[in-house]
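my_file.cif (mmCIF, C-alpha atoms) appears below.
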```cif
data_final
loop_
_atom_site.label_atom_id
_atom_site.label_comp_id
_atom_site.auth_asym_id
_atom_site.auth_seq_id
_atom_site.Cartn_x
_atom_site.Cartn_y
_atom_site.Cartn_z
CA MET A 1 0.00 0.00 0.00
CA GLU A 2 2.79 2.40 0.92
CA ASP A 3 4.86 1.55 -2.18
CA GLY A 4 1.86 2.19 -4.43
CA GLY A 5 0.88 5.45 -2.73
CA LYS A 6 4.37 6.95 -2.94
CA PRO A 7 4.62 7.00 -6.77
CA ARG A 8 1.06 8.35 -7.02
CA ARG A 9 1.91 11.25 -4.70
CA SER A 10 5.10 11.91 -6.65
CA PHE A 11 3.18 11.94 -9.95
CA LEU A 12 0.60 14.37 -8.58
CA ASN A 13 3.36 16.63 -7.25
CA GLU A 14 5.00 16.58 -10.67
CA LEU A 15 1.68 17.47 -12.33
CA ARG A 16 1.38 20.48 -10.03
CA ARG A 17 5.00 21.50 -10.58
CA ARG A 18 4.60 21.42 -14.34
CA LYS A 19 1.25 23.27 -14.02
CA VAL A 20 -0.48 20.52 -16.01
CA ILE A 21 -3.59 20.49 -13.82
CA ARG A 22 -4.04 24.24 -14.08
CA THR A 23 -3.57 24.17 -17.86
CA CYS A 24 -6.07 21.35 -18.32
CA VAL A 25 -8.68 23.08 -16.16
CA LEU A 26 -8.19 26.27 -18.16
CA TYR A 27 -8.57 24.30 -21.39
CA ILE A 28 -11.87 22.78 -20.20
CA LEU A 29 -13.19 26.20 -19.21
CA LEU A 30 -12.26 27.65 -22.60
CA CYS A 31 -13.97 24.81 -24.42
CA TRP A 32 -17.09 25.20 -22.26
CA GLY A 33 -17.09 28.96 -22.95
CA ALA A 34 -16.79 28.35 -26.70
CA LEU A 35 -19.81 26.02 -26.59
CA GLN A 36 -21.84 28.69 -24.78
CA VAL A 37 -20.89 31.30 -27.36
CA ILE A 38 -21.93 28.96 -30.21
CA ASP A 39 -25.30 28.38 -28.55
CA ILE A 40 -25.89 32.15 -28.40
CA VAL A 41 -24.31 33.36 -31.65
CA GLY A 42 -25.10 30.35 -33.86
CA PRO A 43 -28.87 30.95 -34.31
CA ALA A 44 -28.32 34.67 -34.93
CA LEU A 45 -25.91 33.89 -37.77
CA GLY A 46 -28.15 31.17 -39.24
CA PHE A 47 -25.81 28.30 -38.38
CA ASP A 48 -26.92 24.84 -37.28
CA GLU A 49 -25.95 25.19 -33.62
CA ASP A 50 -26.38 21.48 -32.86
CA LEU A 51 -24.02 20.47 -35.66
CA ILE A 52 -21.41 23.10 -34.77
CA SER A 53 -21.67 22.28 -31.06
CA ARG A 54 -21.17 18.58 -31.83
CA TYR A 55 -18.07 19.24 -33.96
CA LEU A 56 -16.68 21.59 -31.34
CA LEU A 57 -17.23 18.98 -28.64
CA TYR A 58 -15.43 16.33 -30.69
CA ALA A 59 -12.54 18.71 -31.33
CA SER A 60 -12.33 19.55 -27.61
CA VAL A 61 -12.16 15.87 -26.62
CA LEU A 62 -9.49 15.11 -29.22
CA GLY A 63 -7.52 18.20 -28.23
CA PHE A 64 -7.40 17.33 -24.52
CA PRO A 65 -4.55 14.74 -24.70
CA VAL A 66 -2.60 17.11 -26.97
CA THR A 67 -3.03 19.90 -24.40
CA PHE A 68 -1.97 17.54 -21.60
CA ALA A 69 1.21 16.53 -23.46
CA LEU A 70 2.14 20.11 -24.33
CA ALA A 71 1.56 21.23 -20.72
CA TRP A 72 3.79 18.39 -19.48
CA PHE A 73 6.76 19.28 -21.68
CA PHE A 74 6.38 23.06 -22.11
CA GLN A 75 5.49 26.14 -20.08
CA VAL A 76 4.66 29.73 -20.97
CA SER A 77 7.15 32.11 -19.34
CA SER A 78 8.41 35.66 -19.75
CA ARG A 79 10.86 34.29 -22.31
CA GLY A 80 8.05 32.72 -24.31
CA ILE A 81 7.28 29.01 -24.54
CA VAL A 82 10.11 27.06 -22.90
CA ARG A 83 10.67 23.39 -22.21
CA THR A 84 10.03 22.32 -18.62
CA ARG A 85 13.20 21.12 -16.95
CA SER A 86 13.16 17.77 -15.18
CA PHE A 87 12.90 17.45 -11.41
CA GLU A 88 16.59 16.52 -11.04
CA GLU A 89 17.77 19.58 -12.93
CA ARG A 90 15.79 21.90 -10.68
CA ARG A 91 17.39 20.63 -7.49
CA ILE A 92 20.44 22.38 -6.05
CA LEU A 93 22.34 19.81 -4.04
CA ASN A 94 24.65 20.60 -1.14
CA ASN A 95 26.13 17.17 -0.54
CA VAL A 96 29.31 16.58 1.40
CA PRO A 97 32.23 16.63 -1.05
CA PRO A 98 33.26 13.23 -2.45
CA ILE A 99 36.81 11.98 -1.90
CA ASN A 100 36.90 10.21 -5.28
CA ASP A 101 35.09 10.60 -8.58
CA ARG A 102 35.29 7.53 -10.84
CA ARG A 103 33.17 9.24 -13.49
CA SER A 104 36.22 11.16 -14.73
CA GLN A 105 39.12 9.13 -13.29
CA GLY A 106 37.99 5.68 -14.30
CA VAL A 107 38.42 2.58 -12.16
CA SER A 108 42.16 3.16 -11.77
CA GLY A 109 41.46 6.30 -9.72
CA PHE A 110 39.17 4.58 -7.26
CA LEU A 111 40.12 5.15 -3.61
CA LYS A 112 43.36 6.85 -4.50
CA ARG A 113 45.01 8.41 -1.45
CA GLY A 114 45.11 12.18 -1.54
CA ASP A 115 44.35 14.95 0.89
CA ASP A 116 41.52 12.98 2.49
CA GLY A 117 43.49 12.28 5.70
CA GLU A 118 43.16 9.04 7.62
CA VAL A 119 39.75 7.85 6.45
CA GLN A 120 38.76 4.42 7.69
CA TRP A 121 35.27 4.04 6.20
CA VAL A 122 34.13 4.94 2.68
CA ILE A 123 30.80 4.39 0.94
CA SER A 124 30.72 4.36 -2.86
CA ALA A 125 27.59 4.82 -4.99
CA GLU A 126 27.25 2.12 -7.64
CA THR A 127 23.87 3.15 -9.07
CA GLY A 128 21.64 6.22 -9.13
CA PRO A 129 22.39 9.94 -9.50
CA LEU A 130 25.54 9.69 -7.32
CA SER A 131 26.97 6.72 -9.23
CA GLY A 132 30.77 6.81 -9.40
CA LEU A 133 31.22 9.00 -6.32
CA SER A 134 32.82 7.89 -3.04
CA TYR A 135 32.26 9.58 0.32
CA ALA A 136 34.22 9.39 3.56
CA VAL A 137 32.26 8.56 6.72
CA ARG A 138 34.04 10.37 9.53
CA ASP A 139 31.15 10.73 11.97
CA SER A 140 27.55 10.68 10.71
CA LEU A 141 25.86 10.92 7.29
CA VAL A 142 22.11 11.17 6.67
CA LEU A 143 20.97 9.81 3.31
CA GLY A 144 17.67 10.88 1.76
CA ARG A 145 15.81 12.88 -0.85
CA ALA A 146 15.62 16.12 1.17
CA LEU A 147 18.07 18.90 0.40
CA GLU A 148 19.15 19.16 4.03
CA CYS A 149 20.52 15.60 4.01
CA ASP A 150 24.28 15.09 3.98
CA LEU A 151 23.86 12.97 0.85
CA ALA A 152 20.77 14.07 -1.11
CA ILE A 153 19.69 11.32 -3.51
CA VAL A 154 17.21 12.76 -5.98
CA THR A 155 14.89 9.87 -6.76
CA PRO A 156 11.21 9.39 -5.83
CA HIS A 157 11.83 5.94 -4.31
CA VAL A 158 14.10 7.34 -1.58
CA SER A 159 12.40 8.90 1.45
CA ARG A 160 13.15 12.47 2.52
CA GLN A 161 15.31 11.15 5.37
CA HIS A 162 15.92 7.51 4.50
CA ALA A 163 18.86 6.22 6.57
CA ARG A 164 21.77 7.33 8.75
CA ILE A 165 25.31 5.94 8.68
CA ASP A 166 27.48 6.47 11.78
CA ALA A 167 31.19 5.88 12.39
CA ASP A 168 31.59 5.07 16.08
CA ASP A 169 34.85 3.97 17.74
CA GLY A 170 36.27 2.44 14.56
CA ARG A 171 33.06 0.65 13.63
CA LEU A 172 30.38 1.58 11.08
CA PHE A 173 26.64 1.40 11.68
CA ILE A 174 23.50 2.03 9.63
CA GLU A 175 20.00 2.80 10.86
CA ASP A 176 16.82 3.11 8.81
CA LEU A 177 14.93 6.33 9.61
CA GLY A 178 11.42 4.99 9.02
CA SER A 179 11.65 5.03 5.22
CA SER A 180 8.79 3.81 3.04
CA ASN A 181 10.81 1.31 1.01
CA GLY A 182 13.23 0.25 3.76
CA THR A 183 17.02 -0.13 3.85
CA MET A 184 18.61 -3.39 2.73
CA VAL A 185 22.04 -4.64 3.80
CA ASN A 186 23.34 -7.57 1.72
CA GLY A 187 19.81 -8.33 0.57
CA LYS A 188 18.24 -8.31 4.05
CA ARG A 189 16.13 -5.54 5.54
CA ALA A 190 18.02 -3.60 8.20
CA GLY A 191 16.32 -3.50 11.56
CA GLY A 192 17.38 -1.02 14.22
CA ARG A 193 21.02 0.03 14.32
CA GLN A 194 23.04 -2.52 12.36
CA GLN A 195 26.80 -2.83 12.11
CA LEU A 196 28.41 -2.69 8.67
CA ARG A 197 31.57 -4.42 7.49
CA HIS A 198 33.94 -4.21 4.57
CA ASP A 199 32.36 -4.88 1.15
CA ASP A 200 28.79 -4.80 2.51
CA GLU A 201 26.10 -3.70 0.05
CA ILE A 202 23.62 -1.01 1.11
CA ARG A 203 20.48 -0.74 -1.00
CA LEU A 204 17.90 2.06 -0.80
CA HIS A 205 15.31 0.63 -3.19
CA ASP A 206 17.26 0.81 -6.50
CA ILE A 207 20.18 2.87 -5.13
CA ILE A 208 23.25 0.79 -4.22
CA PHE A 209 26.23 1.82 -2.06
CA ARG A 210 29.31 -0.32 -1.37
CA VAL A 211 31.14 -0.15 1.98
CA THR A 212 34.95 -0.07 1.98
CA GLU A 213 37.17 -0.20 5.06
CA ARG A 214 40.55 1.48 4.60
CA LEU A 215 43.00 0.49 7.30
CA SER A 216 45.79 2.93 8.11
CA LYS A 217 49.29 1.52 8.59
CA PRO A 218 49.35 1.84 12.42
CA HIS A 219 45.91 0.26 12.61
CA SER A 220 46.97 -2.61 10.33
CA GLU A 221 50.11 -3.27 12.38
CA ARG A 222 48.09 -3.20 15.59
CA GLN A 223 45.55 -5.60 14.12
CA ALA A 224 48.32 -7.95 12.98
CA SER A 225 49.94 -7.89 16.41
CA ASP A 226 46.62 -8.74 18.03
CA GLN A 227 46.45 -11.86 15.88
CA THR A 228 50.09 -12.93 16.57
CA THR A 229 50.63 -15.92 18.85
CA PHE A 230 53.59 -15.49 21.26
CA ILE A 231 55.43 -18.59 22.54
CA HIS A 232 57.50 -18.17 25.70
CA ALA A 233 60.97 -19.72 25.93
CA ALA A 234 59.93 -21.66 29.07
CA ASP A 235 57.16 -23.35 27.13
CA LEU A 236 59.67 -24.42 24.45
CA GLU A 237 62.01 -25.91 27.08
CA ARG A 238 59.15 -27.89 28.65
CA GLY A 239 58.26 -29.16 25.23
CA ASP A 240 61.77 -30.55 24.77
#
```
Rewrite the structure from the file as structure tokens, please.
Amino acid sequence: MEDGGKPRRSFLNELRRRKVIRTCVLYILLCWGALQVIDIVGPALGFDEDLISRYLLYASVLGFPVTFALAWFFQVSSRGIVRTRSFEERRILNNVPPINDRRSQGVSGFLKRGDDGEVQWVISAETGPLSGLSYAVRDSLVLGRALECDLAIVTPHVSRQHARIDADDGRLFIEDLGSSNGTMVNGKRAGGRQQLRHDDEIRLHDIIFRVTERLSKPHSERQASDQTTFIHAADLERGD
């Protein structure tokens, strides 16, 4: 029910934004006014008002879909008739800056070290309007369709505030913020605050992010030392 209602609301909002409803209502009023004029003027001019009214009605019905299509794609402005820009083009995004852009660098430039400092966690967009961009998660990022989000994803299937990703004490977590379509982690719906790991897949409907953990050299050495098994000399002597 929620998935079906969301696209319908988005379509109605787009109709209002493109002024299609207003144009169609104006078209119906003009056609109705023309019929009234024919009923009054027709007999005075000796015309067959029934025949003219019938032809005008047929023309009005056939012209309605044409008017709808023209109102969807074009608008009348101070510069004349101009093409209506899409929803994505009208949005001004203020996302956090990406640390890598594979759209221009290619795959070879992915996660190249630069002036990004010691970044442990990175999320990379694989599909959608942010595809090819990678973002560092240093503390908290809110993902959603709203402009005030840290990562604004302009698509109708993403909720205004869809999910939040937090970096906490060297670990990464994701939490769904009550979105309509839910947040999936590796194909399973995320419930509550869920920990993320390297190479996990985050899916917001049809938008996919990939999680990457970048270990700094001191962290890697510390992790390796934690996994090292130490054997005392006394234990070796007892073994002999």
Practice item. Compare A:Arg102, A:Arg210, A:Arg54, A:Arg138 by their minimum atom-to-atom distance to Gly170 of chain A, counting all atoms listed in the file, and give me the closest one. Key: A:Arg138
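Taking only C-alpha atoms into account, the protein, DNA and RNA residues within 9 Å of (-1.7, 21.9, -19.2) read Leu15, Arg18, Lys19, Val20, Ile21, Arg22, Thr23, Cys24, Val25, Leu26, Tyr27, Thr67, Phe68, Ala69, Leu70, Ala71, Trp72, Phe74 and Gln75 of chain A.
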Practice item. Pick out the closest residue to Leu133 of chain A from this set: A:Asp101, A:Glu49, A:Glu148, A:Glu201. Count only C-alpha atoms. Key: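 Looking only at the distances to Leu133 of chain A, the closest residue turns out to be A:Asp101.
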**Study point:** Residues in the PyMOL selection byres ((chain A and resi 187) around 12), expressed as number ranges by chain
**Key:** A: 182-186, 188-190, 200-206, 208
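Take atom CA of Val142 of chain A and atom CA of Gln195 of chain A: the distance between them is 15.7 Å.
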Exercise for review: Specify as number ranges by chain each residue included when the PyMOL selection byres ((chain A and resi 124-131) around 10) is applied to this file.
Suggested key: A: 88, 98-103, 110-111, 122-123, 132-136, 151-155, 201-203, 206-212
Practice item. Give as a PyMOL selection string the residues that the PyMOL selection byres ((chain A and resi 56) around 12) matches when applied to the coordinates above. Key: chain A and resi 30-39+49-55+57-63
Review point. Rounded to one decimal in Å, what is the spacing between atom CA of Ser10 of chain A and atom CA of Leu143 of chain A?
Key: 18.9 Å
